[in-house]
Structure formats: structure tokens, C-alpha cells
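So this one's query-v3.cif, mmCIF, C-alpha atoms:
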```
data_my_file
loop_
_atom_site.group_PDB
_atom_site.id
_atom_site.type_symbol
_atom_site.label_atom_id
_atom_site.label_comp_id
_atom_site.auth_asym_id
_atom_site.auth_seq_id
_atom_site.Cartn_x
_atom_site.Cartn_y
_atom_site.Cartn_z
ATOM 1 C CA MET X 10 111.625 2.383 -133.961
ATOM 2 C CA ASN X 11 113.716 0.076 -131.785
ATOM 3 C CA LEU X 12 117.344 0.206 -133.070
ATOM 4 C CA ILE X 13 118.787 -2.063 -130.357
ATOM 5 C CA PRO X 14 119.585 -5.507 -131.890
ATOM 6 C CA THR X 15 117.793 -8.433 -130.366
ATOM 7 C CA ARG X 16 119.585 -11.262 -128.617
ATOM 8 C CA GLY X 17 118.967 -13.632 -131.519
ATOM 9 C CA VAL X 18 120.577 -11.295 -134.050
ATOM 10 C CA SER X 19 123.666 -10.700 -131.910
ATOM 11 C CA GLN X 20 124.238 -14.412 -131.555
ATOM 12 C CA ASN X 21 124.521 -14.750 -135.373
ATOM 13 C CA ILE X 22 127.489 -12.329 -135.523
ATOM 14 C CA PRO X 23 130.771 -14.376 -135.429
ATOM 15 C CA ARG X 24 133.094 -13.540 -132.620
ATOM 16 C CA LYS X 25 136.415 -11.899 -133.496
ATOM 17 C CA GLY X 26 138.396 -14.481 -131.556
ATOM 18 C CA THR X 27 136.767 -17.397 -133.360
ATOM 19 C CA LEU X 28 137.518 -15.869 -136.779
ATOM 20 C CA GLN X 29 141.171 -15.326 -135.881
ATOM 21 C CA GLN X 30 141.460 -18.920 -134.687
ATOM 22 C CA ARG X 31 140.016 -20.202 -137.948
ATOM 23 C CA GLU X 32 142.481 -18.078 -139.961
ATOM 24 C CA ALA X 33 145.366 -19.295 -137.797
ATOM 25 C CA HIS X 34 144.343 -22.928 -138.274
ATOM 26 C CA ALA X 35 144.023 -22.422 -142.031
ATOM 27 C CA GLY X 36 147.461 -20.782 -142.172
ATOM 28 C CA LEU X 37 149.041 -23.635 -140.221
ATOM 29 C CA LEU X 38 147.377 -26.136 -142.544
ATOM 30 C CA PHE X 39 148.855 -24.439 -145.612
ATOM 31 C CA VAL X 40 152.390 -24.200 -144.195
ATOM 32 C CA MET X 41 152.366 -27.718 -142.738
ATOM 33 C CA PRO X 42 153.769 -29.396 -145.912
ATOM 34 C CA TRP X 43 156.715 -26.981 -145.920
ATOM 35 C CA VAL X 44 157.336 -27.459 -142.190
ATOM 36 C CA LEU X 45 157.256 -31.256 -142.538
ATOM 37 C CA SER X 46 159.595 -31.063 -145.522
ATOM 38 C CA LEU X 47 161.992 -28.842 -143.547
ATOM 39 C CA LEU X 48 162.001 -31.207 -140.573
ATOM 40 C CA LEU X 49 162.286 -34.457 -142.555
ATOM 41 C CA PHE X 50 164.636 -33.468 -145.375
ATOM 42 C CA THR X 51 166.749 -30.699 -143.823
ATOM 43 C CA ALA X 52 166.714 -30.615 -140.023
ATOM 44 C CA TYR X 53 166.783 -34.381 -139.477
ATOM 45 C CA PRO X 54 169.671 -35.063 -141.934
ATOM 46 C CA VAL X 55 171.735 -32.257 -140.392
ATOM 47 C CA LEU X 56 171.187 -33.514 -136.845
ATOM 48 C CA ALA X 57 171.758 -37.133 -137.898
ATOM 49 C CA SER X 58 174.975 -36.185 -139.665
ATOM 50 C CA MET X 59 176.138 -34.374 -136.544
ATOM 51 C CA TYR X 60 175.502 -37.513 -134.476
ATOM 52 C CA PHE X 61 177.084 -39.917 -136.985
ATOM 53 C CA SER X 62 180.227 -37.748 -137.091
ATOM 54 C CA PHE X 63 180.995 -38.997 -133.565
ATOM 55 C CA THR X 64 180.447 -42.651 -134.452
ATOM 56 C CA ASP X 65 181.972 -45.485 -136.447
ATOM 57 C CA TYR X 66 179.200 -46.246 -138.936
ATOM 58 C CA ASN X 67 179.341 -48.265 -142.152
ATOM 59 C CA ILE X 68 175.591 -48.693 -142.913
ATOM 60 C CA VAL X 69 175.724 -52.475 -142.371
ATOM 61 C CA GLN X 70 176.436 -52.341 -138.633
ATOM 62 C CA SER X 71 174.879 -50.106 -136.025
ATOM 63 C CA PRO X 72 176.691 -46.850 -135.221
ATOM 64 C CA ARG X 73 179.342 -47.183 -132.508
ATOM 65 C CA TRP X 74 180.188 -44.081 -130.470
ATOM 66 C CA ILE X 75 183.880 -43.132 -130.789
ATOM 67 C CA GLY X 76 183.802 -39.482 -129.751
ATOM 68 C CA MET X 77 186.229 -37.149 -131.544
ATOM 69 C CA GLU X 78 188.177 -39.948 -133.252
ATOM 70 C CA ASN X 79 186.876 -39.083 -136.738
ATOM 71 C CA TYR X 80 187.959 -35.466 -136.356
ATOM 72 C CA ARG X 81 191.375 -36.501 -135.032
ATOM 73 C CA THR X 82 191.836 -38.824 -138.015
ATOM 74 C CA MET X 83 190.741 -36.099 -140.393
ATOM 75 C CA LEU X 84 193.228 -33.544 -139.095
ATOM 76 C CA THR X 85 196.235 -35.784 -138.400
ATOM 77 C CA ASP X 86 196.028 -39.083 -140.315
ATOM 78 C CA ASP X 87 194.360 -38.254 -143.631
ATOM 79 C CA PRO X 88 196.635 -36.499 -146.155
ATOM 80 C CA SER X 89 193.860 -36.608 -148.765
ATOM 81 C CA PHE X 90 191.795 -34.343 -146.504
ATOM 82 C CA TRP X 91 194.387 -31.580 -146.675
ATOM 83 C CA LYS X 92 194.800 -32.139 -150.409
ATOM 84 C CA GLY X 93 191.065 -31.641 -150.855
ATOM 85 C CA VAL X 94 191.165 -28.519 -148.697
ATOM 86 C CA GLN X 95 194.059 -27.130 -150.742
ATOM 87 C CA ASN X 96 192.424 -27.839 -154.110
ATOM 88 C CA THR X 97 189.072 -26.434 -153.030
ATOM 89 C CA GLY X 98 190.711 -23.356 -151.492
ATOM 90 C CA VAL X 99 192.638 -22.567 -154.685
ATOM 91 C CA TYR X 100 189.512 -23.098 -156.765
ATOM 92 C CA THR X 101 187.484 -20.774 -154.514
ATOM 93 C CA LEU X 102 190.092 -18.007 -154.318
ATOM 94 C CA VAL X 103 190.407 -17.827 -158.119
ATOM 95 C CA SER X 104 186.993 -18.795 -159.507
ATOM 96 C CA VAL X 105 184.864 -16.588 -157.236
ATOM 97 C CA PRO X 106 186.547 -13.222 -158.040
ATOM 98 C CA LEU X 107 186.894 -14.200 -161.696
ATOM 99 C CA GLY X 108 183.210 -15.112 -161.915
ATOM 100 C CA LEU X 109 182.085 -11.918 -160.171
ATOM 101 C CA VAL X 110 184.164 -9.645 -162.408
ATOM 102 C CA SER X 111 183.199 -11.495 -165.595
ATOM 103 C CA SER X 112 179.476 -11.516 -164.819
ATOM 104 C CA LEU X 113 179.516 -7.836 -163.826
ATOM 105 C CA MET X 114 181.291 -6.812 -167.023
ATOM 106 C CA LEU X 115 178.900 -8.909 -169.092
ATOM 107 C CA ALA X 116 175.914 -7.340 -167.317
ATOM 108 C CA ILE X 117 177.227 -3.859 -168.126
ATOM 109 C CA ILE X 118 177.555 -4.828 -171.792
ATOM 110 C CA LEU X 119 174.015 -6.251 -171.819
ATOM 111 C CA ASN X 120 172.610 -3.185 -170.051
ATOM 112 C CA THR X 121 172.077 -1.299 -173.286
ATOM 113 C CA GLN X 122 169.130 -0.479 -175.517
ATOM 114 C CA ALA X 123 170.656 -2.046 -178.623
ATOM 115 C CA LYS X 124 168.366 -3.782 -181.046
ATOM 116 C CA GLY X 125 167.855 -7.447 -180.209
ATOM 117 C CA ILE X 126 169.626 -7.163 -176.839
ATOM 118 C CA SER X 127 167.013 -9.420 -175.196
ATOM 119 C CA ILE X 128 168.111 -12.243 -177.514
ATOM 120 C CA TYR X 129 171.704 -11.914 -176.319
ATOM 121 C CA ARG X 130 170.568 -11.892 -172.695
ATOM 122 C CA THR X 131 168.722 -15.154 -173.299
ATOM 123 C CA ILE X 132 171.728 -16.692 -175.057
ATOM 124 C CA PHE X 133 174.079 -15.908 -172.170
ATOM 125 C CA TYR X 134 171.607 -17.354 -169.654
ATOM 126 C CA LEU X 135 170.905 -20.595 -171.526
ATOM 127 C CA PRO X 136 174.145 -22.389 -170.434
ATOM 128 C CA THR X 137 172.890 -22.381 -166.830
ATOM 129 C CA LEU X 138 170.090 -24.734 -167.913
ATOM 130 C CA VAL X 139 172.535 -27.403 -169.133
ATOM 131 C CA PRO X 140 173.085 -30.196 -166.553
ATOM 132 C CA PRO X 141 176.595 -30.008 -165.018
ATOM 133 C CA VAL X 142 177.527 -33.540 -166.098
ATOM 134 C CA ALA X 143 176.553 -32.911 -169.731
ATOM 135 C CA ALA X 144 178.420 -29.592 -169.767
ATOM 136 C CA THR X 145 181.510 -31.264 -168.287
ATOM 137 C CA ILE X 146 181.520 -33.965 -170.978
ATOM 138 C CA VAL X 147 181.338 -31.274 -173.666
ATOM 139 C CA PHE X 148 184.298 -29.452 -172.115
ATOM 140 C CA ILE X 149 186.273 -32.708 -171.927
ATOM 141 C CA LEU X 150 185.820 -33.023 -175.681
ATOM 142 C CA ILE X 151 186.700 -29.366 -176.286
ATOM 143 C CA PHE X 152 189.868 -29.544 -174.148
ATOM 144 C CA SER X 153 190.873 -33.012 -175.267
ATOM 145 C CA PRO X 154 194.635 -33.178 -175.986
ATOM 146 C CA ASP X 155 193.870 -35.310 -179.053
ATOM 147 C CA ARG X 156 191.883 -33.427 -181.691
ATOM 148 C CA GLY X 157 190.201 -31.167 -179.164
ATOM 149 C CA LEU X 158 188.905 -27.829 -180.464
ATOM 150 C CA ILE X 159 191.201 -25.711 -178.278
ATOM 151 C CA ASN X 160 194.372 -27.667 -179.025
ATOM 152 C CA THR X 161 193.531 -27.789 -182.734
ATOM 153 C CA ILE X 162 193.339 -24.001 -182.812
ATOM 154 C CA LEU X 163 196.555 -23.663 -180.800
ATOM 155 C CA GLU X 164 198.317 -26.117 -183.085
ATOM 156 C CA HIS X 165 197.341 -24.134 -186.194
ATOM 157 C CA LEU X 166 198.626 -20.988 -184.497
ATOM 158 C CA GLY X 167 201.946 -22.654 -183.709
ATOM 159 C CA LEU X 168 201.381 -22.460 -179.949
ATOM 160 C CA PRO X 169 201.974 -25.159 -177.310
ATOM 161 C CA THR X 170 199.126 -27.642 -176.803
ATOM 162 C CA PRO X 171 198.929 -28.514 -173.090
ATOM 163 C CA GLY X 172 197.151 -31.525 -171.677
ATOM 164 C CA TRP X 173 194.339 -29.595 -170.082
ATOM 165 C CA PHE X 174 192.771 -32.361 -167.993
ATOM 166 C CA THR X 175 195.712 -34.789 -168.088
ATOM 167 C CA ASP X 176 198.409 -32.427 -166.778
ATOM 168 C CA PRO X 177 198.197 -31.613 -163.031
ATOM 169 C CA THR X 178 199.588 -28.157 -163.783
ATOM 170 C CA TRP X 179 196.650 -27.303 -166.060
ATOM 171 C CA SER X 180 193.791 -29.315 -164.559
ATOM 172 C CA LYS X 181 192.670 -26.802 -161.907
ATOM 173 C CA PRO X 182 193.012 -23.750 -164.217
ATOM 174 C CA THR X 183 190.896 -25.598 -166.787
ATOM 175 C CA LEU X 184 188.293 -26.388 -164.130
ATOM 176 C CA ILE X 185 188.228 -22.698 -163.193
ATOM 177 C CA ILE X 186 187.722 -21.772 -166.853
ATOM 178 C CA MET X 187 184.801 -24.206 -166.911
ATOM 179 C CA SER X 188 183.207 -22.374 -163.976
ATOM 180 C CA LEU X 189 182.648 -19.350 -166.246
ATOM 181 C CA TRP X 190 180.141 -21.452 -168.189
ATOM 182 C CA ASN X 191 177.511 -20.806 -165.484
ATOM 183 C CA ILE X 192 177.843 -17.055 -164.963
ATOM 184 C CA GLY X 193 174.545 -16.419 -166.764
ATOM 185 C CA ALA X 194 172.510 -16.410 -163.549
ATOM 186 C CA GLN X 195 174.928 -13.988 -161.859
ATOM 187 C CA THR X 196 174.839 -11.805 -164.943
ATOM 188 C CA LEU X 197 171.048 -11.523 -164.810
ATOM 189 C CA ILE X 198 171.194 -10.614 -161.116
ATOM 190 C CA PHE X 199 173.759 -7.893 -161.816
ATOM 191 C CA LEU X 200 171.644 -6.728 -164.763
ATOM 192 C CA ALA X 201 168.611 -6.417 -162.484
ATOM 193 C CA GLY X 202 170.721 -4.383 -160.057
ATOM 194 C CA LEU X 203 171.851 -2.063 -162.846
ATOM 195 C CA LYS X 204 168.223 -1.533 -163.877
ATOM 196 C CA GLU X 205 167.367 -0.426 -160.321
ATOM 197 C CA ILE X 206 169.928 2.404 -160.252
ATOM 198 C CA PRO X 207 168.011 5.709 -160.482
ATOM 199 C CA GLN X 208 168.723 7.546 -163.700
ATOM 200 C CA SER X 209 168.590 10.821 -161.758
ATOM 201 C CA LEU X 210 171.836 9.921 -159.961
ATOM 202 C CA LEU X 211 173.604 9.222 -163.235
ATOM 203 C CA ASP X 212 172.288 12.491 -164.704
ATOM 204 C CA ALA X 213 173.456 14.417 -161.635
ATOM 205 C CA ALA X 214 176.909 12.840 -161.930
ATOM 206 C CA ALA X 215 177.039 13.805 -165.622
ATOM 207 C CA ILE X 216 176.118 17.406 -164.776
ATOM 208 C CA ASP X 217 178.983 17.491 -162.275
ATOM 209 C CA GLY X 218 181.353 16.403 -165.042
ATOM 210 C CA ALA X 219 181.663 12.692 -164.241
ATOM 211 C CA GLY X 220 182.785 10.471 -167.103
ATOM 212 C CA ALA X 221 181.859 6.861 -167.806
ATOM 213 C CA TRP X 222 184.482 5.435 -165.441
ATOM 214 C CA GLN X 223 183.593 7.891 -162.665
ATOM 215 C CA LYS X 224 179.907 7.029 -162.996
ATOM 216 C CA PHE X 225 180.748 3.344 -162.666
ATOM 217 C CA ARG X 226 183.224 3.795 -159.809
ATOM 218 C CA TYR X 227 181.316 6.285 -157.676
ATOM 219 C CA VAL X 228 177.648 5.683 -158.563
ATOM 220 C CA LYS X 229 177.001 2.251 -160.060
ATOM 221 C CA LEU X 230 179.509 0.206 -158.076
ATOM 222 C CA PRO X 231 178.414 1.477 -154.621
ATOM 223 C CA LEU X 232 174.746 0.936 -155.461
ATOM 224 C CA LEU X 233 175.551 -2.547 -156.773
ATOM 225 C CA SER X 234 177.353 -3.490 -153.553
ATOM 226 C CA ARG X 235 174.245 -5.262 -152.188
ATOM 227 C CA VAL X 236 174.027 -7.343 -155.354
ATOM 228 C CA ILE X 237 177.762 -8.045 -155.159
ATOM 229 C CA LEU X 238 177.299 -9.229 -151.572
ATOM 230 C CA PHE X 239 174.539 -11.633 -152.601
ATOM 231 C CA ASN X 240 176.485 -13.066 -155.535
ATOM 232 C CA LEU X 241 179.648 -13.299 -153.439
ATOM 233 C CA VAL X 242 177.968 -15.329 -150.706
ATOM 234 C CA MET X 243 176.238 -17.647 -153.178
ATOM 235 C CA ASP X 244 179.414 -18.147 -155.222
ATOM 236 C CA VAL X 245 181.536 -18.910 -152.164
ATOM 237 C CA ILE X 246 179.041 -21.505 -150.936
ATOM 238 C CA ALA X 247 178.842 -23.101 -154.394
ATOM 239 C CA SER X 248 182.627 -23.127 -154.868
ATOM 240 C CA PHE X 249 183.192 -24.909 -151.556
ATOM 241 C CA GLN X 250 180.804 -27.609 -152.786
ATOM 242 C CA VAL X 251 182.119 -28.077 -156.338
ATOM 243 C CA PHE X 252 181.602 -31.760 -157.072
ATOM 244 C CA SER X 253 180.060 -32.940 -160.352
ATOM 245 C CA GLN X 254 182.680 -31.466 -162.674
ATOM 246 C CA ALA X 255 185.630 -32.717 -160.615
ATOM 247 C CA LEU X 256 184.117 -36.187 -160.233
ATOM 248 C CA VAL X 257 183.380 -36.599 -163.951
ATOM 249 C CA ILE X 258 186.883 -35.447 -164.927
ATOM 250 C CA GLY X 259 189.078 -37.001 -162.233
ATOM 251 C CA GLY X 260 186.911 -39.717 -160.721
ATOM 252 C CA THR X 261 186.997 -40.519 -157.015
ATOM 253 C CA THR X 262 190.824 -40.484 -157.035
ATOM 254 C CA GLY X 263 191.060 -36.913 -158.345
ATOM 255 C CA GLN X 264 193.330 -37.705 -161.271
ATOM 256 C CA PRO X 265 195.740 -36.517 -162.434
ATOM 257 C CA VAL X 266 197.845 -36.851 -159.269
ATOM 258 C CA GLU X 267 194.941 -35.779 -157.012
ATOM 259 C CA SER X 268 194.932 -32.341 -158.639
ATOM 260 C CA MET X 269 191.159 -32.708 -159.113
ATOM 261 C CA LEU X 270 190.492 -34.155 -155.660
ATOM 262 C CA MET X 271 188.067 -31.540 -154.361
ATOM 263 C CA TYR X 272 186.747 -31.644 -150.812
ATOM 264 C CA MET X 273 183.316 -32.904 -151.857
ATOM 265 C CA VAL X 274 184.888 -35.648 -153.978
ATOM 266 C CA HIS X 275 186.887 -36.805 -150.953
ATOM 267 C CA LEU X 276 183.701 -36.763 -148.875
ATOM 268 C CA TYR X 277 181.820 -38.739 -151.532
ATOM 269 C CA ARG X 278 184.641 -41.287 -151.798
ATOM 270 C CA ASN X 279 184.627 -41.996 -148.070
ATOM 271 C CA ALA X 280 180.843 -42.261 -147.955
ATOM 272 C CA PHE X 281 180.008 -44.313 -151.046
ATOM 273 C CA ALA X 282 183.292 -46.009 -151.998
ATOM 274 C CA TYR X 283 184.658 -46.867 -148.557
ATOM 275 C CA PHE X 284 181.276 -46.770 -146.723
ATOM 276 C CA LYS X 285 182.814 -44.776 -143.889
ATOM 277 C CA MET X 286 179.595 -42.927 -143.145
ATOM 278 C CA GLY X 287 180.747 -41.730 -139.757
ATOM 279 C CA TYR X 288 183.943 -40.251 -141.160
ATOM 280 C CA ALA X 289 182.069 -38.767 -144.129
ATOM 281 C CA SER X 290 179.605 -37.163 -141.693
ATOM 282 C CA ALA X 291 182.547 -35.578 -139.874
ATOM 283 C CA LEU X 292 183.807 -34.216 -143.194
ATOM 284 C CA ALA X 293 180.332 -32.879 -144.029
ATOM 285 C CA PHE X 294 179.851 -31.218 -140.642
ATOM 286 C CA THR X 295 183.316 -29.653 -140.861
ATOM 287 C CA LEU X 296 182.447 -28.232 -144.274
ATOM 288 C CA PHE X 297 179.190 -26.863 -142.848
ATOM 289 C CA LEU X 298 181.066 -25.074 -140.060
ATOM 290 C CA VAL X 299 183.662 -23.643 -142.462
ATOM 291 C CA ILE X 300 180.976 -22.327 -144.829
ATOM 292 C CA LEU X 301 179.091 -20.836 -141.873
ATOM 293 C CA ILE X 302 182.195 -19.073 -140.536
ATOM 294 C CA VAL X 303 183.237 -17.746 -143.949
ATOM 295 C CA THR X 304 179.702 -16.491 -144.625
ATOM 296 C CA LEU X 305 179.560 -14.712 -141.265
ATOM 297 C CA ILE X 306 182.934 -13.082 -141.967
ATOM 298 C CA ILE X 307 181.645 -11.846 -145.343
ATOM 299 C CA PHE X 308 178.524 -10.366 -143.737
ATOM 300 C CA TRP X 309 180.625 -8.784 -140.990
ATOM 301 C CA SER X 310 182.960 -7.185 -143.539
ATOM 302 C CA ALA X 311 179.969 -6.012 -145.604
ATOM 303 C CA ARG X 312 179.409 -3.189 -143.115
ATOM 304 C CA ALA X 313 182.519 -1.502 -144.504
ATOM 305 C CA TRP X 314 181.754 -1.762 -148.232
ATOM 306 C CA VAL X 315 178.005 -2.247 -148.765
ATOM 307 C CA HIS X 316 176.213 1.031 -149.534
ATOM 308 C CA TYR X 317 172.582 2.015 -149.897
ATOM 309 C CA GLU X 318 170.705 4.521 -152.043
ATOM 310 C CA ASP X 319 170.081 6.947 -149.189
ATOM 311 C CA GLU X 320 173.807 7.284 -148.475
ATOM 312 C CA HIS X 321 175.763 10.255 -149.805
ATOM 313 C CA LEU X 322 177.741 9.514 -152.962
ATOM 314 C CA ASP X 323 180.826 11.553 -153.828
ATOM 315 C CA TRP X 324 182.030 11.650 -157.391
#
```

Take the structure in this file and express it as C-alpha cells.
Amino acid sequence: MNLIPTRGVSQNIPRKGTLQQREAHAGLLFVMPWVLSLLLFTAYPVLASMYFSFTDYNIVQSPRWIGMENYRTMLTDDPSFWKGVQNTGVYTLVSVPLGLVSSLMLAIILNTQAKGISIYRTIFYLPTLVPPVAATIVFILIFSPDRGLINTILEHLGLPTPGWFTDPTWSKPTLIIMSLWNIGAQTLIFLAGLKEIPQSLLDAAAIDGAGAWQKFRYVKLPLLSRVILFNLVMDVIASFQVFSQALVIGGTTGQPVESMLMYMVHLYRNAFAYFKMGYASALAFTLFLVILIVTLIIFWSARAWVHYEDEHLDW
């Protein structure tokens, strides 16, 4: 019997190169919507903002190239810029550590096998689904100096009743308290990290005589360092861009006494109240560079405090 395939049969077998080309074309076709979206809605706005930051542009007239004038004005002739930097810096330095510690402690509490614990996990996550504007309005009512829930309780207890959003001394602390409303997502991420810790490590620590605090300090915390890094980076980026809450409470002027004038509010005011699109683009690009630098510093420092499962743990 002749086992050698004929020429006609061999021609019906698809070539390997042709099949790979078809798969490549199909893959490009599937990713094309994402690529177009990236170019049109991310890359182009970033590059356009970079260009407009060197121009005098007010939407009505064509952009006029002015070089570094917007950046010079920002650093030397705009006191509201430095006020926004100060307010945003204070908010970031306090709200980020407070949110990380609170969400981690809440995740530890929820990491139990108690009956109905899944219901509590859902309850603590639900606030993240509330739109920021709606949540802010609710907090304005709760912290209202006139018949607000908090001041009513303080009044019955015989304690002072501050003007939470009307007193510049209390406005930023109240805004930081509001930031704890959205720690549900961070809590779930920490909870997922706690679930990934091998039980064998905790059992080995218990055999060596480690207590609850020692297990947390020398086993759980090092193995959660990757999760802490993720939440830290995301929280820092979000805190630099806090906007909706400050705008609803203080408006574009950052009342009271510009204590609520966050950086993004100042950017929004220049763009959509004064129509200084060129100057607002300079503010936006500066914020982008600051966030990039801070994020790189966090990742650089992570080499000293982020640990992995294959590393030796001493308890």
C-alpha cells in the first residue's frame, strides 16, 4: 500500500504560517476597540493637556503659545494654588493612614467564622455603592450645626457643638472623617489578603509559642505587605484627586475661608468658572507629575518593607 500522501491531499492541509496570521488578525480585531478607546479617551487628552498647558486658551479663541508662563503664574502669582496644595497635602497625610489602619482592623474583625458574618461583610461594603454627592449631602445633614444628629447627641451629653462644615478649624477634620465612609472596598481587599495567608504558618507560630499579637506582627502583617502596598498607592492617588465632597460642601471658593479649597476644586474653578483652560491644563499636568513621583517613591521604598511568602519569617 502506498502511504505517501498525494500532491492533492497535501495541498488541503493549511500552512502553519497562514493559521498564525489568521489568529493574529483575529486577536487584533478583538483588541481594536480597547486600543481605540485608549488612544481617543486617554492618550489624546493627556497629550492635548500637555500642549494646552503651554498656551493661553479659553475655548472661544484659538490657543496662543506662551511657553512656561502658566507654570510661572502657578508658582509665583497664585496664592490659591498653594492653599489647594496645603489643604490636599493635609488631607492626604491624615486620611490615607487613617483609612488603611481602619480598613485593616475592620478586615481582621470580619475575618472570623461567626454566624452571619457574610451579612456584615456586605453591610460594610454597601456604602461604597452610594454616589459621592449623595453621601456628602447626607453627611451635611448629619453634621449640620442646627439640629444635626451629631450635634444633637453632643448637646444632650453636655459637650460643645462645633460648626463642623462652617468652622475652618473643623472643616478638614470632618472631611477626613467622611473619607472613612468608603473604606469598604479596602476592607474587602485586606480580607482577601487575610484569606490567602497559609494556615500552616499560623499553626507553626502557635507551636513556637506566638500569641495573637505576635502572629499579627510577625506573620500576618508581613504577608499582607503586598496588599498594603496596593491599597496605599490607590488611596494616595484618590486622596490627591478628592473633589466631589469638597465641591459640594465648600463650592468653588472652598468655604469656609478656603479651608475646603482642594487642589482639584481649584483646577475645576479655573477651567469651568474662569475658562482658563491653558492654566487649568498646567495645574492638571503638574498634578499628574506629582502623583507619578509620589507613586514611584512608594514603589521604591516598598523594597524595604514588602515581603513575600517564600521569605523567612521570624517570630

* Could you tell me which of X:Leu203, X:Leu292, X:Leu197, X:Val94 comes closest to Leu230 of chain X if we count only C-alpha atoms? =>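 Of X:Leu203, X:Leu292, X:Leu197, X:Val94, the one nearest Leu230 of chain X is X:Leu203, counting only C-alpha atoms.
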
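Using all atoms listed in the file, the smallest distance between any of X:Met83, X:Val105, X:Ile117, X:Ala33 and Asn240 of chain X comes from X:Val105.
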
Using the chain letters and numbers from this file, what does the PyMOL selection byres ((chain X and resi 295) around 12) select? Give the answer as a compact mmCIF listing (two decimals) with C-alpha atoms, keeping the file's coordinate frame.
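Ended up saving to out21.txt:
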```txt
# COMPACT_ATOMS: atom_id res chain seq x y z
CA VAL X 55 171.74 -32.26 -140.39
CA SER X 58 174.98 -36.18 -139.66
CA MET X 59 176.14 -34.37 -136.54
CA SER X 62 180.23 -37.75 -137.09
CA ASN X 79 186.88 -39.08 -136.74
CA TYR X 80 187.96 -35.47 -136.36
CA MET X 83 190.74 -36.10 -140.39
CA LEU X 84 193.23 -33.54 -139.10
CA PHE X 90 191.80 -34.34 -146.50
CA VAL X 94 191.16 -28.52 -148.70
CA PHE X 249 183.19 -24.91 -151.56
CA TYR X 272 186.75 -31.64 -150.81
CA MET X 273 183.32 -32.90 -151.86
CA LEU X 276 183.70 -36.76 -148.88
CA TYR X 288 183.94 -40.25 -141.16
CA ALA X 289 182.07 -38.77 -144.13
CA SER X 290 179.60 -37.16 -141.69
CA ALA X 291 182.55 -35.58 -139.87
CA LEU X 292 183.81 -34.22 -143.19
CA ALA X 293 180.33 -32.88 -144.03
CA PHE X 294 179.85 -31.22 -140.64
CA LEU X 296 182.45 -28.23 -144.27
CA PHE X 297 179.19 -26.86 -142.85
CA LEU X 298 181.07 -25.07 -140.06
CA VAL X 299 183.66 -23.64 -142.46
CA ILE X 300 180.98 -22.33 -144.83
CA LEU X 301 179.09 -20.84 -141.87
CA ILE X 302 182.20 -19.07 -140.54
```

* Measuring atom to atom with all atoms listed in the file, identify which of X:Gly172, X:Pro207, X:Ala311, X:Ser46 is nearest to Gly157 of chain X. =>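 Comparing X:Gly172, X:Pro207, X:Ala311, X:Ser46 against Gly157 of chain X, the winner is X:Gly172.
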
List as a compact mmCIF listing (two decimals) with C-alpha atoms, in the coordinates of the input the protein and nucleic acid residues near Asn160 of chain X, meaning an atom at most 12 Å away when all atoms listed in the file are counted, but skip any in the same chain fewer than 2 places from it.
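As written to disk, out-v5.txt reads:
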```txt
# COMPACT_ATOMS: atom_id res chain seq x y z
CA ILE X 149 186.27 -32.71 -171.93
CA LEU X 150 185.82 -33.02 -175.68
CA ILE X 151 186.70 -29.37 -176.29
CA PHE X 152 189.87 -29.54 -174.15
CA SER X 153 190.87 -33.01 -175.27
CA PRO X 154 194.64 -33.18 -175.99
CA ASP X 155 193.87 -35.31 -179.05
CA ARG X 156 191.88 -33.43 -181.69
CA GLY X 157 190.20 -31.17 -179.16
CA LEU X 158 188.90 -27.83 -180.46
CA ILE X 162 193.34 -24.00 -182.81
CA LEU X 163 196.56 -23.66 -180.80
CA GLU X 164 198.32 -26.12 -183.08
CA HIS X 165 197.34 -24.13 -186.19
CA LEU X 166 198.63 -20.99 -184.50
CA GLY X 167 201.95 -22.65 -183.71
CA LEU X 168 201.38 -22.46 -179.95
CA PRO X 169 201.97 -25.16 -177.31
CA THR X 170 199.13 -27.64 -176.80
CA PRO X 171 198.93 -28.51 -173.09
CA GLY X 172 197.15 -31.52 -171.68
CA TRP X 173 194.34 -29.60 -170.08
```

* Asked: Hey, which of X:Thr137, X:Thr304, X:Thr64, X:Thr161 ends up closest to Val245 of chain X? Count only C-alpha atoms.
  ->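 Residue with the minimum atom-to-atom distance to Val245 of chain X: X:Thr304.
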
* **Coordinates-based distance that separates atom CA of Phe50 of chain X from atom CA of Leu37 of chain X (Å, one decimal)** => 19.1 Å

* Asked: Which residue out of X:Arg312, X:Lys181, X:Lys92, X:Lys124 has the minimum interatomic distance to Ser104 of chain X when only C-alpha atoms are used?
  -> X:Lys181

Write segment 112-123 of chain X as a PDB file, in the frame of the given file, completed to N, CA and C atoms.
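Written out: part-v5.pdb:
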```pdb
ATOM      1  N   SER X 112     180.925 -11.692-164.744  1.00  0.00           N
ATOM      2  CA  SER X 112     179.476 -11.516-164.819  1.00  0.00           C
ATOM      3  C   SER X 112     179.086 -10.049-164.720  1.00  0.00           C
ATOM      4  N   LEU X 113     179.813  -9.266-163.923  1.00  0.00           N
ATOM      5  CA  LEU X 113     179.516  -7.836-163.826  1.00  0.00           C
ATOM      6  C   LEU X 113     179.823  -7.123-165.136  1.00  0.00           C
ATOM      7  N   MET X 114     180.957  -7.433-165.747  1.00  0.00           N
ATOM      8  CA  MET X 114     181.291  -6.812-167.023  1.00  0.00           C
ATOM      9  C   MET X 114     180.291  -7.210-168.106  1.00  0.00           C
ATOM     10  N   LEU X 115     179.878  -8.452-168.106  1.00  0.00           N
ATOM     11  CA  LEU X 115     178.900  -8.909-169.092  1.00  0.00           C
ATOM     12  C   LEU X 115     177.552  -8.224-168.870  1.00  0.00           C
ATOM     13  N   ALA X 116     177.178  -8.035-167.609  1.00  0.00           N
ATOM     14  CA  ALA X 116     175.914  -7.340-167.317  1.00  0.00           C
ATOM     15  C   ALA X 116     175.960  -5.895-167.795  1.00  0.00           C
ATOM     16  N   ILE X 117     177.098  -5.241-167.649  1.00  0.00           N
ATOM     17  CA  ILE X 117     177.227  -3.859-168.126  1.00  0.00           C
ATOM     18  C   ILE X 117     177.082  -3.806-169.646  1.00  0.00           C
ATOM     19  N   ILE X 118     177.673  -4.779-170.327  1.00  0.00           N
ATOM     20  CA  ILE X 118     177.555  -4.828-171.792  1.00  0.00           C
ATOM     21  C   ILE X 118     176.099  -5.062-172.209  1.00  0.00           C
ATOM     22  N   LEU X 119     175.399  -5.930-171.473  1.00  0.00           N
ATOM     23  CA  LEU X 119     174.015  -6.251-171.819  1.00  0.00           C
ATOM     24  C   LEU X 119     173.022  -5.188-171.355  1.00  0.00           C
ATOM     25  N   ASN X 120     173.493  -4.243-170.553  1.00  0.00           N
ATOM     26  CA  ASN X 120     172.610  -3.185-170.051  1.00  0.00           C
ATOM     27  C   ASN X 120     172.566  -2.021-171.041  1.00  0.00           C
ATOM     28  N   THR X 121     172.183  -2.317-172.242  1.00  0.00           N
ATOM     29  CA  THR X 121     172.077  -1.299-173.286  1.00  0.00           C
ATOM     30  C   THR X 121     170.706  -1.423-173.954  1.00  0.00           C
ATOM     31  N   GLN X 122     170.397  -0.476-174.785  1.00  0.00           N
ATOM     32  CA  GLN X 122     169.130  -0.479-175.517  1.00  0.00           C
ATOM     33  C   GLN X 122     169.334  -0.860-176.975  1.00  0.00           C
ATOM     34  N   ALA X 123     170.380  -1.638-177.247  1.00  0.00           N
ATOM     35  CA  ALA X 123     170.656  -2.046-178.623  1.00  0.00           C
ATOM     36  C   ALA X 123     169.548  -2.950-179.144  1.00  0.00           C
TER      37      ALA X 123
END
```
